[in-house]
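Engineer: target-v4.tsv is the file, holding TSV, C-alpha atoms:
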chain	number	residue	atom	x	y	z
M	1	MET	CA	-1.77	-1.58	15.63
M	2	SER	CA	1.68	-2.92	16.42
M	3	GLU	CA	2.80	-4.24	12.99
M	4	LEU	CA	5.19	-1.36	12.25
M	5	TYR	CA	6.77	-1.63	15.69
M	6	GLU	CA	7.24	-5.38	15.13
M	7	THR	CA	8.80	-4.71	11.72
M	8	LEU	CA	11.51	-2.60	13.35
M	9	GLY	CA	11.67	-4.82	16.44
M	10	VAL	CA	10.97	-2.02	18.93
M	11	ASP	CA	8.40	-1.48	21.68
M	12	ARG	CA	5.40	0.81	21.23
M	13	ASP	CA	6.89	3.38	23.62
M	14	ALA	CA	10.31	3.37	21.92
M	15	SER	CA	12.04	6.75	21.66
M	16	PHE	CA	13.05	8.40	18.40
M	17	ASP	CA	16.68	7.40	18.94
M	18	GLU	CA	15.73	3.76	19.56
M	19	ILE	CA	13.64	3.68	16.38
M	20	LYS	CA	16.44	5.28	14.39
M	21	LYS	CA	19.02	2.85	15.76
M	22	ALA	CA	16.84	-0.16	14.97
M	23	TYR	CA	16.29	1.06	11.41
M	24	ARG	CA	20.01	1.62	10.75
M	25	LYS	CA	20.80	-1.89	11.91
M	26	LEU	CA	18.15	-3.47	9.69
M	27	ALA	CA	18.91	-1.25	6.68
M	28	ARG	CA	22.55	-2.35	6.64
M	29	SER	CA	21.42	-5.97	6.33
M	30	TYR	CA	18.57	-5.68	3.85
M	31	HIS	CA	19.60	-2.87	1.46
M	32	PRO	CA	19.61	-4.14	-2.19
M	33	ASP	CA	23.19	-2.92	-2.71
M	34	VAL	CA	24.31	-5.12	0.16
M	35	ASN	CA	21.96	-8.08	-0.30
M	36	PRO	CA	20.66	-8.58	-3.88
M	37	ASP	CA	18.11	-11.23	-2.86
M	38	PRO	CA	14.65	-9.99	-4.10
M	39	LYS	CA	13.07	-11.12	-0.82
M	40	MET	CA	15.53	-8.95	1.08
M	41	ALA	CA	14.65	-5.99	-1.14
M	42	GLU	CA	10.99	-6.40	-0.24
M	43	LYS	CA	11.92	-6.56	3.42
M	44	PHE	CA	13.94	-3.35	3.01
M	45	LYS	CA	10.85	-1.59	1.64
M	46	GLU	CA	8.82	-2.71	4.67
M	47	ILE	CA	11.31	-1.45	7.23
M	48	THR	CA	11.73	1.81	5.28
M	49	VAL	CA	7.97	2.49	5.38
M	50	ALA	CA	7.87	1.57	9.08
M	51	TYR	CA	10.73	3.97	9.85
M	52	GLU	CA	9.19	6.82	7.86
M	53	ILE	CA	5.93	6.61	9.84
M	54	LEU	CA	7.35	5.95	13.30
M	55	SER	CA	10.09	8.58	13.04
M	56	ASP	CA	7.60	11.33	12.22
M	57	PRO	CA	5.66	12.49	15.34
M	58	GLU	CA	2.48	13.38	13.45
M	59	LYS	CA	2.41	10.23	11.34
M	60	ARG	CA	3.16	8.11	14.40
M	61	GLN	CA	0.30	9.70	16.35
M	62	ASN	CA	-2.07	9.08	13.45
M	63	TYR	CA	-0.95	5.45	13.22
M	64	ASP	CA	-1.30	4.84	16.98
M	65	LEU	CA	-4.88	6.15	16.81
M	66	GLY	CA	-5.79	3.60	14.15
M	67	GLY	CA	-4.81	5.42	10.94
M	68	ASN	CA	-2.38	4.23	8.28
M	69	GLY	CA	0.30	6.77	9.19
M	70	PHE	CA	-0.13	8.78	5.98
M	71	SER	CA	-3.77	9.94	6.20
M	72	GLY	CA	-4.05	13.65	6.70
M	73	PHE	CA	-0.36	14.27	6.18
M	74	GLY	CA	-0.09	14.57	2.42
M	75	GLY	CA	-0.36	10.86	1.60
M	76	GLY	CA	2.30	8.68	0.05
M	77	SER	CA	5.89	8.25	1.00
M	78	GLY	CA	8.15	11.22	1.54
M	79	PHE	CA	11.21	9.11	2.30
M	80	GLY	CA	14.17	10.56	0.42
M	81	PHE	CA	17.85	9.94	-0.35
M	82	SER	CA	18.98	11.77	2.78
M	83	ASP	CA	17.02	9.29	4.91
M	84	ILE	CA	18.79	6.36	3.20
M	85	MET	CA	22.10	8.04	3.96
M	86	ASP	CA	20.96	8.55	7.53
M	87	ALA	CA	20.12	4.85	7.85
M	88	PHE	CA	23.57	3.79	6.59
M	89	PHE	CA	25.87	6.48	7.90
M	90	GLY	CA	23.94	8.48	10.47
M	91	GLY	CA	22.73	11.27	8.17
M	92	GLY	CA	23.41	12.69	4.71
M	93	GLN	CA	23.10	16.39	5.50
M	94	GLN	CA	23.18	18.82	8.38
M	95	ARG	CA	19.72	19.25	9.88
M	96	GLY	CA	20.43	21.49	12.84
M	97	PRO	CA	19.71	20.98	16.51
M	98	ARG	CA	16.62	19.16	17.71
M	99	PRO	CA	14.17	21.44	19.53
M	100	ARG	CA	13.69	20.69	23.21
M	101	ASN	CA	10.17	22.02	23.04
M	102	ARG	CA	8.16	19.46	21.05
M	103	PRO	CA	4.41	18.76	20.66
M	104	GLY	CA	2.88	16.22	23.00
M	105	GLN	CA	1.26	12.92	22.10
M	106	ASP	CA	-2.45	12.46	21.57
M	107	ALA	CA	-4.13	10.15	24.09
M	108	LEU	CA	-7.08	7.76	23.92
M	109	ILE	CA	-9.41	6.80	26.77
M	110	ARG	CA	-12.47	4.55	26.64
M	111	VAL	CA	-15.59	5.48	28.56
M	112	GLU	CA	-18.55	3.19	29.23
M	113	VAL	CA	-22.07	4.60	28.97
M	114	ASP	CA	-25.38	2.81	29.47
M	115	LEU	CA	-28.32	2.95	27.07
M	116	PHE	CA	-30.02	5.78	28.99
M	117	GLU	CA	-26.88	7.95	28.82
M	118	ALA	CA	-26.38	7.12	25.14
M	119	THR	CA	-29.99	8.09	24.39
M	120	PHE	CA	-30.15	11.39	26.28
M	121	GLY	CA	-26.47	12.35	26.65
M	122	CYS	CA	-24.66	13.05	29.91
M	123	ASP	CA	-21.78	14.92	31.54
M	124	ARG	CA	-18.77	12.99	32.81
M	125	GLU	CA	-15.70	13.88	34.83
M	126	LEU	CA	-12.66	11.95	33.60
M	127	ASN	CA	-9.83	11.31	36.03
M	128	VAL	CA	-6.70	10.63	34.00
M	129	GLU	CA	-2.99	10.36	34.67
M	130	THR	CA	-1.02	12.19	32.01
M	131	ALA	CA	2.02	14.37	31.33
M	132	VAL	CA	1.52	17.95	32.49
M	133	ILE	CA	3.87	20.94	32.43
M	134	CYS	CA	6.30	21.12	35.35
M	135	ASN	CA	5.25	23.94	37.63
M	136	ARG	CA	8.67	24.27	39.22
M	137	CYS	CA	10.55	25.13	36.01
M	138	ASN	CA	7.56	26.08	33.79
M	139	GLY	CA	8.68	23.56	31.21
M	140	SER	CA	12.24	24.77	30.73
M	141	GLY	CA	13.79	21.74	32.42
M	142	CYS	CA	16.31	23.99	34.20
M	143	ALA	CA	16.59	24.62	37.92
M	144	ASN	CA	16.75	28.09	39.47
M	145	ASN	CA	15.56	29.92	36.33
M	146	ALA	CA	18.76	28.96	34.52
M	147	LYS	CA	19.05	28.43	30.76
M	148	PRO	CA	20.69	25.60	28.77
M	149	ARG	CA	24.28	26.32	27.76
M	150	THR	CA	25.58	25.86	24.23
M	151	CYS	CA	27.17	22.46	23.64
M	152	GLU	CA	30.95	22.79	23.40
M	153	VAL	CA	31.32	19.74	21.17
M	154	CYS	CA	28.96	20.62	18.32
M	155	LYS	CA	28.96	24.40	18.97
M	156	GLY	CA	25.15	24.44	19.06
M	157	ARG	CA	24.62	22.65	15.74
M	158	GLY	CA	23.30	19.48	17.39
M	159	GLU	CA	25.36	17.36	14.97
M	160	THR	CA	28.91	16.36	14.32
M	161	GLN	CA	30.24	15.67	10.83
M	162	GLN	CA	32.72	13.15	9.54
M	163	VAL	CA	33.82	11.47	6.31
M	164	ALA	CA	32.73	7.85	5.97
M	165	ARG	CA	33.76	5.24	3.40
M	166	SER	CA	30.89	3.31	1.82
M	167	ILE	CA	29.94	1.34	-1.24
M	168	LEU	CA	29.25	4.72	-2.85
M	169	GLY	CA	32.68	6.06	-2.04
M	170	GLN	CA	33.52	8.74	0.51
M	171	VAL	CA	30.48	10.49	1.90
M	172	MET	CA	30.29	13.43	4.26
M	173	THR	CA	27.85	12.44	6.96
M	174	SER	CA	26.41	14.02	10.06
M	175	ARG	CA	25.35	12.37	13.28
M	176	PRO	CA	23.47	13.64	16.33
M	177	CYS	CA	25.97	14.97	18.79
M	178	ASN	CA	26.56	12.41	21.55
M	179	SER	CA	27.35	15.12	24.07
M	180	CYS	CA	24.03	17.00	23.81
M	181	GLN	CA	21.90	14.23	22.22
M	182	GLY	CA	21.30	16.44	19.20
M	183	PHE	CA	19.79	19.39	21.05
M	184	GLY	CA	22.74	21.74	20.54
M	185	SER	CA	22.59	22.72	24.19
M	186	ILE	CA	23.11	21.09	27.57
M	187	ILE	CA	21.10	21.54	30.75
M	188	SER	CA	23.83	21.82	33.39
M	189	ASP	CA	21.47	22.12	36.34
M	190	PRO	CA	18.30	20.13	35.59
M	191	CYS	CA	15.09	20.75	37.48
M	192	GLY	CA	14.78	18.45	40.47
M	193	GLU	CA	11.06	17.95	39.86
M	194	CYS	CA	11.06	16.86	36.20
M	195	SER	CA	14.75	15.89	35.80
M	196	GLY	CA	15.11	18.28	32.87
M	197	ASP	CA	12.16	16.97	30.82
M	198	GLY	CA	9.95	20.00	31.44
M	199	ARG	CA	6.94	17.85	32.31
M	200	VAL	CA	5.79	15.48	35.04
M	201	ARG	CA	3.16	12.77	35.42
M	202	ALA	CA	0.10	13.85	37.36
M	203	LYS	CA	-3.58	13.12	37.76
M	204	LYS	CA	-6.10	15.65	36.53
M	205	SER	CA	-9.85	15.88	36.15
M	206	ILE	CA	-11.28	16.64	32.70
M	207	PRO	CA	-14.99	17.40	32.14
M	208	VAL	CA	-16.52	15.95	28.99
M	209	LYS	CA	-20.01	16.33	27.57
M	210	ILE	CA	-21.22	13.13	25.92
M	211	PRO	CA	-23.83	14.05	23.29
M	212	ALA	CA	-27.14	12.24	22.95
M	213	GLY	CA	-27.18	9.49	20.32
M	214	VAL	CA	-23.63	8.15	20.70
M	215	GLU	CA	-22.87	4.47	20.26
M	216	THR	CA	-19.90	2.15	20.61
M	217	GLY	CA	-16.96	3.32	18.51
M	218	ASN	CA	-17.85	7.02	18.44
M	219	ARG	CA	-14.98	9.30	19.47
M	220	ILE	CA	-15.10	12.72	21.07
M	221	GLN	CA	-12.04	14.93	20.48
M	222	LEU	CA	-10.94	17.19	23.33
M	223	ASN	CA	-8.42	19.63	21.88
M	224	GLY	CA	-5.34	20.29	24.00
M	225	GLN	CA	-6.25	17.75	26.68
M	226	GLY	CA	-3.63	15.17	25.71
M	227	GLU	CA	-0.06	14.88	26.99
M	228	VAL	CA	2.16	17.93	27.31
M	229	GLY	CA	5.19	17.55	25.05
M	230	PRO	CA	8.86	17.36	26.10
M	231	GLY	CA	10.31	20.68	27.13
M	232	GLY	CA	6.84	21.94	28.03
M	233	GLY	CA	5.67	21.60	24.43
M	234	SER	CA	2.05	22.12	23.39
M	235	PRO	CA	-0.27	19.32	24.54
M	236	GLY	CA	-1.81	16.82	22.16
M	237	ASP	CA	-5.50	16.01	21.98
M	238	LEU	CA	-7.51	13.57	24.07
M	239	TYR	CA	-9.87	11.20	22.27
M	240	VAL	CA	-12.75	9.76	24.28
M	241	GLU	CA	-14.00	6.52	22.71
M	242	ILE	CA	-17.54	5.44	23.64
M	243	VAL	CA	-18.34	1.89	24.76
M	244	GLU	CA	-22.09	1.32	25.18
M	245	THR	CA	-23.01	-1.35	27.73
M	246	PRO	CA	-25.95	-3.68	26.94
M	247	HIS	CA	-29.33	-2.99	28.56
M	248	GLU	CA	-31.05	-5.66	30.63
M	249	TYR	CA	-34.03	-6.08	28.31
M	250	ILE	CA	-34.01	-3.29	25.70
M	251	ILE	CA	-32.22	-3.97	22.42
M	252	ARG	CA	-30.86	-1.11	20.33
M	253	GLU	CA	-30.86	-1.15	16.53
M	254	GLU	CA	-29.32	2.12	15.34
M	255	ASN	CA	-31.85	4.76	16.52
M	256	ASN	CA	-34.69	2.31	17.20
M	257	LEU	CA	-35.27	0.34	20.40
M	258	HIS	CA	-36.89	-3.08	20.78
M	259	ILE	CA	-38.69	-4.60	23.78
M	260	SER	CA	-40.20	-8.07	23.86
M	261	ILE	CA	-43.16	-8.81	26.19
M	262	SER	CA	-45.20	-11.97	26.83
M	263	ILE	CA	-48.96	-11.89	27.50
M	264	PRO	CA	-51.45	-14.66	28.39
M	265	MET	CA	-53.45	-16.24	25.61
M	266	THR	CA	-56.68	-14.94	27.10
M	267	SER	CA	-55.39	-11.35	27.15
M	268	ALA	CA	-54.37	-11.66	23.51
M	269	ALA	CA	-57.78	-13.01	22.58
M	270	LEU	CA	-59.88	-10.56	24.57
M	271	GLY	CA	-57.59	-7.51	24.37
M	272	THR	CA	-56.24	-5.50	27.30
M	273	LYS	CA	-53.97	-2.60	28.30
M	274	VAL	CA	-50.54	-3.11	29.86
M	275	PHE	CA	-47.80	-0.86	31.25
M	276	ILE	CA	-44.14	-1.37	30.31
M	277	ASP	CA	-40.97	0.27	31.65
M	278	THR	CA	-39.15	2.32	28.99
M	279	LEU	CA	-36.32	4.85	29.02
M	280	ASP	CA	-39.06	7.52	29.31
M	281	GLY	CA	-40.73	5.87	32.29
M	282	LYS	CA	-43.88	3.70	32.31
M	283	GLN	CA	-45.84	3.68	29.07
M	284	GLU	CA	-49.32	2.25	28.50
M	285	ILE	CA	-49.85	0.17	25.37
M	286	GLU	CA	-53.06	-1.31	24.06
M	287	ILE	CA	-53.28	-5.00	23.22
M	288	LYS	CA	-56.02	-5.25	20.65
M	289	GLU	CA	-58.54	-8.07	20.68
M	290	GLY	CA	-57.25	-11.05	18.73
M	291	THR	CA	-53.56	-10.05	18.91
M	292	GLN	CA	-51.31	-12.76	17.47
M	293	SER	CA	-47.90	-13.89	18.67
M	294	GLY	CA	-45.22	-11.92	16.78
M	295	SER	CA	-47.32	-8.77	16.52
M	296	VAL	CA	-45.68	-5.41	17.22
M	297	VAL	CA	-46.84	-2.14	18.76
M	298	LEU	CA	-45.00	0.99	17.59
M	299	LEU	CA	-44.34	3.84	20.02
M	300	ARG	CA	-43.06	6.67	17.89
M	301	GLY	CA	-40.36	9.01	19.17
M	302	LEU	CA	-39.37	6.87	22.16
M	303	GLY	CA	-36.16	5.52	20.64
M	304	VAL	CA	-32.59	6.86	20.70
M	305	THR	CA	-31.87	10.53	19.99
M	306	LYS	CA	-30.38	10.98	16.54
M	307	LEU	CA	-26.73	12.00	16.80
M	308	ARG	CA	-26.87	13.77	13.45
M	309	GLY	CA	-30.15	15.42	12.67
M	310	SER	CA	-33.14	15.96	14.90
M	311	GLY	CA	-35.70	13.86	16.70
M	312	ARG	CA	-35.57	10.33	18.04
M	313	GLY	CA	-36.09	6.85	16.71
M	314	ASP	CA	-39.02	4.60	17.66
M	315	LEU	CA	-39.68	2.02	20.36
M	316	ILE	CA	-40.97	-1.25	18.94
M	317	VAL	CA	-42.76	-3.60	21.34
M	318	HIS	CA	-42.77	-7.25	20.21
M	319	ILE	CA	-45.63	-9.34	21.59
M	320	GLN	CA	-45.35	-13.06	22.33
M	321	VAL	CA	-48.53	-14.93	23.27
M	322	LEU	CA	-48.11	-17.54	26.02
M	323	THR	CA	-49.85	-20.86	25.48
M	324	PRO	CA	-51.08	-22.27	28.82
M	325	THR	CA	-49.58	-25.51	30.14
M	326	LYS	CA	-50.52	-27.94	32.94
M	327	LEU	CA	-54.23	-27.22	32.63
M	328	SER	CA	-56.66	-28.44	35.26
M	329	LYS	CA	-59.52	-30.69	34.21
M	330	GLU	CA	-61.95	-27.79	34.41
M	331	GLN	CA	-59.68	-25.54	32.31
M	332	SER	CA	-59.24	-28.23	29.68
M	333	GLU	CA	-62.97	-28.76	29.42
M	334	LEU	CA	-63.58	-25.03	29.04
M	335	LEU	CA	-60.96	-24.69	26.29
M	336	LYS	CA	-62.36	-27.75	24.51
M	337	LYS	CA	-65.82	-26.24	24.66
M	338	ILE	CA	-64.49	-23.02	23.14
M	339	SER	CA	-62.72	-25.02	20.43
M	340	ASP	CA	-65.90	-26.88	19.59
M	341	ILE	CA	-67.91	-23.68	19.46
M	342	ARG	CA	-65.32	-22.10	17.11
M	343	ASN	CA	-65.06	-25.31	15.08
M	344	GLU	CA	-61.25	-25.31	15.46
M	345	GLY	CA	-60.40	-28.90	14.60
M	346	LEU	CA	-57.11	-30.25	13.23
M	347	ASP	CA	-58.47	-29.91	9.72
M	348	LYS	CA	-58.16	-26.14	10.12
M	349	VAL	CA	-54.33	-26.20	10.39
M	350	LYS	CA	-52.50	-24.61	7.43
M	351	ILE	CA	-48.95	-23.57	6.53
M	352	ASN	CA	-48.40	-19.84	6.01
M	353	THR	CA	-45.70	-20.13	3.33
M	354	ASN	CA	-45.63	-16.44	2.41
M	355	GLU	CA	-45.31	-15.23	6.01
M	356	ASN	CA	-42.57	-17.50	7.36
M	357	GLN	CA	-39.62	-15.67	5.81
M	358	GLY	CA	-40.73	-12.28	7.09
M	359	PHE	CA	-41.29	-13.68	10.56
M	360	PHE	CA	-37.83	-15.25	10.80
M	361	ASP	CA	-36.15	-12.13	9.40
M	362	LYS	CA	-37.86	-10.09	12.12
M	363	VAL	CA	-36.71	-12.47	14.83
M	364	LYS	CA	-33.11	-12.39	13.58
M	365	ARG	CA	-33.05	-8.58	13.53
M	366	VAL	CA	-34.34	-8.31	17.06
M	367	PHE	CA	-32.25	-11.03	18.68
M	368	LYS	CA	-29.09	-10.90	16.56
Take the structure in the file and give it back as structure tokens.

Structural biologist:
Amino acid sequence: MSELYETLGVDRDASFDEIKKAYRKLARSYHPDVNPDPKMAEKFKEITVAYEILSDPEKRQNYDLGGNGFSGFGGGSGFGFSDIMDAFFGGGQQRGPRPRNRPGQDALIRVEVDLFEATFGCDRELNVETAVICNRCNGSGCANNAKPRTCEVCKGRGETQQVARSILGQVMTSRPCNSCQGFGSIISDPCGECSGDGRVRAKKSIPVKIPAGVETGNRIQLNGQGEVGPGGGSPGDLYVEIVETPHEYIIREENNLHISISIPMTSAALGTKVFIDTLDGKQEIEIKEGTQSGSVVLLRGLGVTKLRGSGRGDLIVHIQVLTPTKLSKEQSELLKKISDIRNEGLDKVKINTNENQGFFDKVKRVFK
């Protein structure tokens, strides 16, 4: 997630001006007209792509949330000749003043849910610290209901122009006005609460409904719950990413659940009924007479709620038969008598070649 920032040599929270300054410095060194080395030309392409994404608020937000910077914004590069001029000389054309009121950043928060909450859904109250609109100035950044005054240097254009000499000859260039930082206006009396930014950091509580069936990696989008933008701009969105914590003894496999239980050899041979704890409370299951180790009992509709669609998955109970150890003399004699009656000598042992693969596949799925 930080490759583009590393390419330009800036921090993840770098401002637009810092990104622009870093790009200009690198572009002067790696541009093909300045450095004909093919390796330098490739490097120039990398820093150009990085600048295009990180200098565009929407593309940068998309990239920070895990996208490639272009998805959803028309695709491909829109980096033009004027941007090359801007990198070398501070701008190739007049672009007008920068707006003080700009959209806010999207935000991402991770929330842990247990298996019960993931299965049935739940309501959460998120306590987050974020940028909110300044109540004292209502986002204007000015104290005492004042308004920004027009910059005397750039006359409200937000830029100053000058003629620069370059390898292409004389070029008329424009740069952001140093006096007003490109805004075209100056806040003479900034708000004492937000220092002219129009927003402040504050804690707020946000309710979120987590739907049944979520799993790790799912994201819930809360529109307008992200950070308020500079100058009291419209807030971004808040993305809630789900992290499901492991259950003590229940294993989830998509919408199905797995439980492994162990029963005595005698119970497996004679059959019995047992109660197990599930997400739906205690459930009775029948152990049929002659149950073998590795057998399963299927409880339909007791799995995880399907996030898309209707109904729930199944609960699969895996049965392991316990072989007794440390038998007393009396117990050994009884088992031997049973063995003799059933004629279960060593000559009865066989290899189940066709069943081994299915058994091991089942074990791997359950305990992966």

Engineer: Using all atoms listed in the file, which protein or nucleic acid residues come within 8 Å of Ala269 in chain M? Drop anything in the same chain fewer than 3 positions from it, and give the result as a list in words.

Structural biologist: Met265, Thr266, Glu289, Gly290 and Thr291 of chain M

Engineer: Write out as lines of an AutoDock Vina configuration file an axis-aligned box for range 259-265 of chain M: all of its atoms listed in the file, 6 Å added on each side, centre and edge lengths in Å with one decimal.

Structural biologist:
center_x = -46.1
center_y = -10.4
center_z = 26.1
size_x = 26.8
size_y = 23.6
size_z = 16.6

Engineer: Name all residues at most 8 Å from range 233-244 of chain M (count all atoms listed in the file; drop same-chain ones fewer than 4 positions away) and give them as a ChimeraX atom specification.

Structural biologist: /M:101-115,118,139,214-229

Engineer: How many Å separate CA of Arg124 in chain M from CA of Gly232 in chain M?

Structural biologist: 27.5 Å

Engineer: Go ahead and compute the interatomic distance for CA of Leu257 in chain M and CA of Gly303 in chain M, in Å to one decimal.

Structural biologist: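 Interatomic distance, CA of Leu257 in chain M to CA of Gly303 in chain M: 5.3 Å.
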
Engineer: Around (10.5, 27.3, 36.6), as given in the file, which residues come within 12 Å? Count only C-alpha atoms and list them as a list in words.

Structural biologist: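 Result, sorted by chain then residue number: Ile133, Cys134, Asn135, Arg136, Cys137, Asn138, Gly139, Ser140, Gly141, Cys142, Ala143, Asn144, Asn145, Ala146, Lys147, Pro190, Cys191, Gly192, Glu193, Cys194, Gly196, Asp197, Gly198, Arg199, Gly231 and Gly232 of chain M.
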
Engineer: Between M:Pro230, M:Pro57, M:Pro324, M:Pro99, which one has atoms that come closest to Arg157 in chain M, using only C-alpha atoms?

Structural biologist: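 Nearest to Arg157 in chain M: M:Pro99.
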
Engineer: Which one is closest to Ile319 in chain M: M:Ile263, M:Arg12, M:Thr278, M:Ile285? Count all atoms listed in the file.

Structural biologist: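 Of M:Ile263, M:Arg12, M:Thr278, M:Ile285, the one nearest Ile319 in chain M is M:Ile263, counting all atoms listed in the file.
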
Engineer: Please provide as a PDB file with C-alpha atoms, in the frame of the given file all residues within 10 Å of range 248-253 of chain M, with the sequence filter that same-chain residues fewer than 3 positions apart are discarded (counting all atoms listed in the file).

Structural biologist:
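Listing of result.pdb after writing:
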ATOM      1  CA  LEU M 115     -28.320   2.950  27.070  1.00  0.00           C
ATOM      2  CA  GLU M 215     -22.870   4.470  20.260  1.00  0.00           C
ATOM      3  CA  THR M 245     -23.010  -1.350  27.730  1.00  0.00           C
ATOM      4  CA  ASN M 256     -34.690   2.310  17.200  1.00  0.00           C
ATOM      5  CA  LEU M 257     -35.270   0.340  20.400  1.00  0.00           C
ATOM      6  CA  HIS M 258     -36.890  -3.080  20.780  1.00  0.00           C
ATOM      7  CA  ILE M 259     -38.690  -4.600  23.780  1.00  0.00           C
ATOM      8  CA  SER M 260     -40.200  -8.070  23.860  1.00  0.00           C
ATOM      9  CA  ILE M 261     -43.160  -8.810  26.190  1.00  0.00           C
ATOM     10  CA  ASP M 277     -40.970   0.270  31.650  1.00  0.00           C
ATOM     11  CA  THR M 278     -39.150   2.320  28.990  1.00  0.00           C
ATOM     12  CA  LEU M 279     -36.320   4.850  29.020  1.00  0.00           C
ATOM     13  CA  GLY M 303     -36.160   5.520  20.640  1.00  0.00           C
ATOM     14  CA  VAL M 304     -32.590   6.860  20.700  1.00  0.00           C
ATOM     15  CA  GLY M 313     -36.090   6.850  16.710  1.00  0.00           C
ATOM     16  CA  LEU M 315     -39.680   2.020  20.360  1.00  0.00           C
ATOM     17  CA  ILE M 316     -40.970  -1.250  18.940  1.00  0.00           C
ATOM     18  CA  VAL M 317     -42.760  -3.600  21.340  1.00  0.00           C
ATOM     19  CA  ARG M 365     -33.050  -8.580  13.530  1.00  0.00           C
ATOM     20  CA  VAL M 366     -34.340  -8.310  17.060  1.00  0.00           C
ATOM     21  CA  PHE M 367     -32.250 -11.030  18.680  1.00  0.00           C
ATOM     22  CA  LYS M 368     -29.090 -10.900  16.560  1.00  0.00           C
TER      23      LYS M 368
END

Engineer: For Lys209 in chain M, which of M:Glu6, M:Glu125, M:Glu159, M:Asp11 is the closest residue, counting only C-alpha atoms?

Structural biologist: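 The closest residue to Lys209 in chain M is M:Glu125.
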
Engineer: Which residues come within 9 Å of range 96-98 of chain M, counting all atoms listed in the file, excluding same-chain residues fewer than 6 positions away, as an MDAnalysis selection string?

Structural biologist: chainID M and resid 156:159 176:177 181:185

Engineer: Distance CA of Val49 in chain M-CA of Thr7 in chain M, one decimal place?

Structural biologist: 9.6 Å

Engineer: Can you pull out the residues contacting Leu4 in chain M? Cut-off 12 Å, using all atoms listed in the file, and skip same-chain residues under 4 positions away; I want them as a count of residues only.

Structural biologist: 24

Engineer: Between M:Ala131, M:Ala212, M:Leu298, M:Val163, single out the one closest to Gly311 in chain M, counting only C-alpha atoms.

Structural biologist: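 For Gly311 in chain M, the nearest of the given residues is M:Ala212.
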
Engineer: Nearest to Ser293 in chain M among M:Thr305, M:Ser262, M:Thr150, M:Ser339, with distances taken over only C-alpha atoms: which residue is it?

Structural biologist: M:Ser262
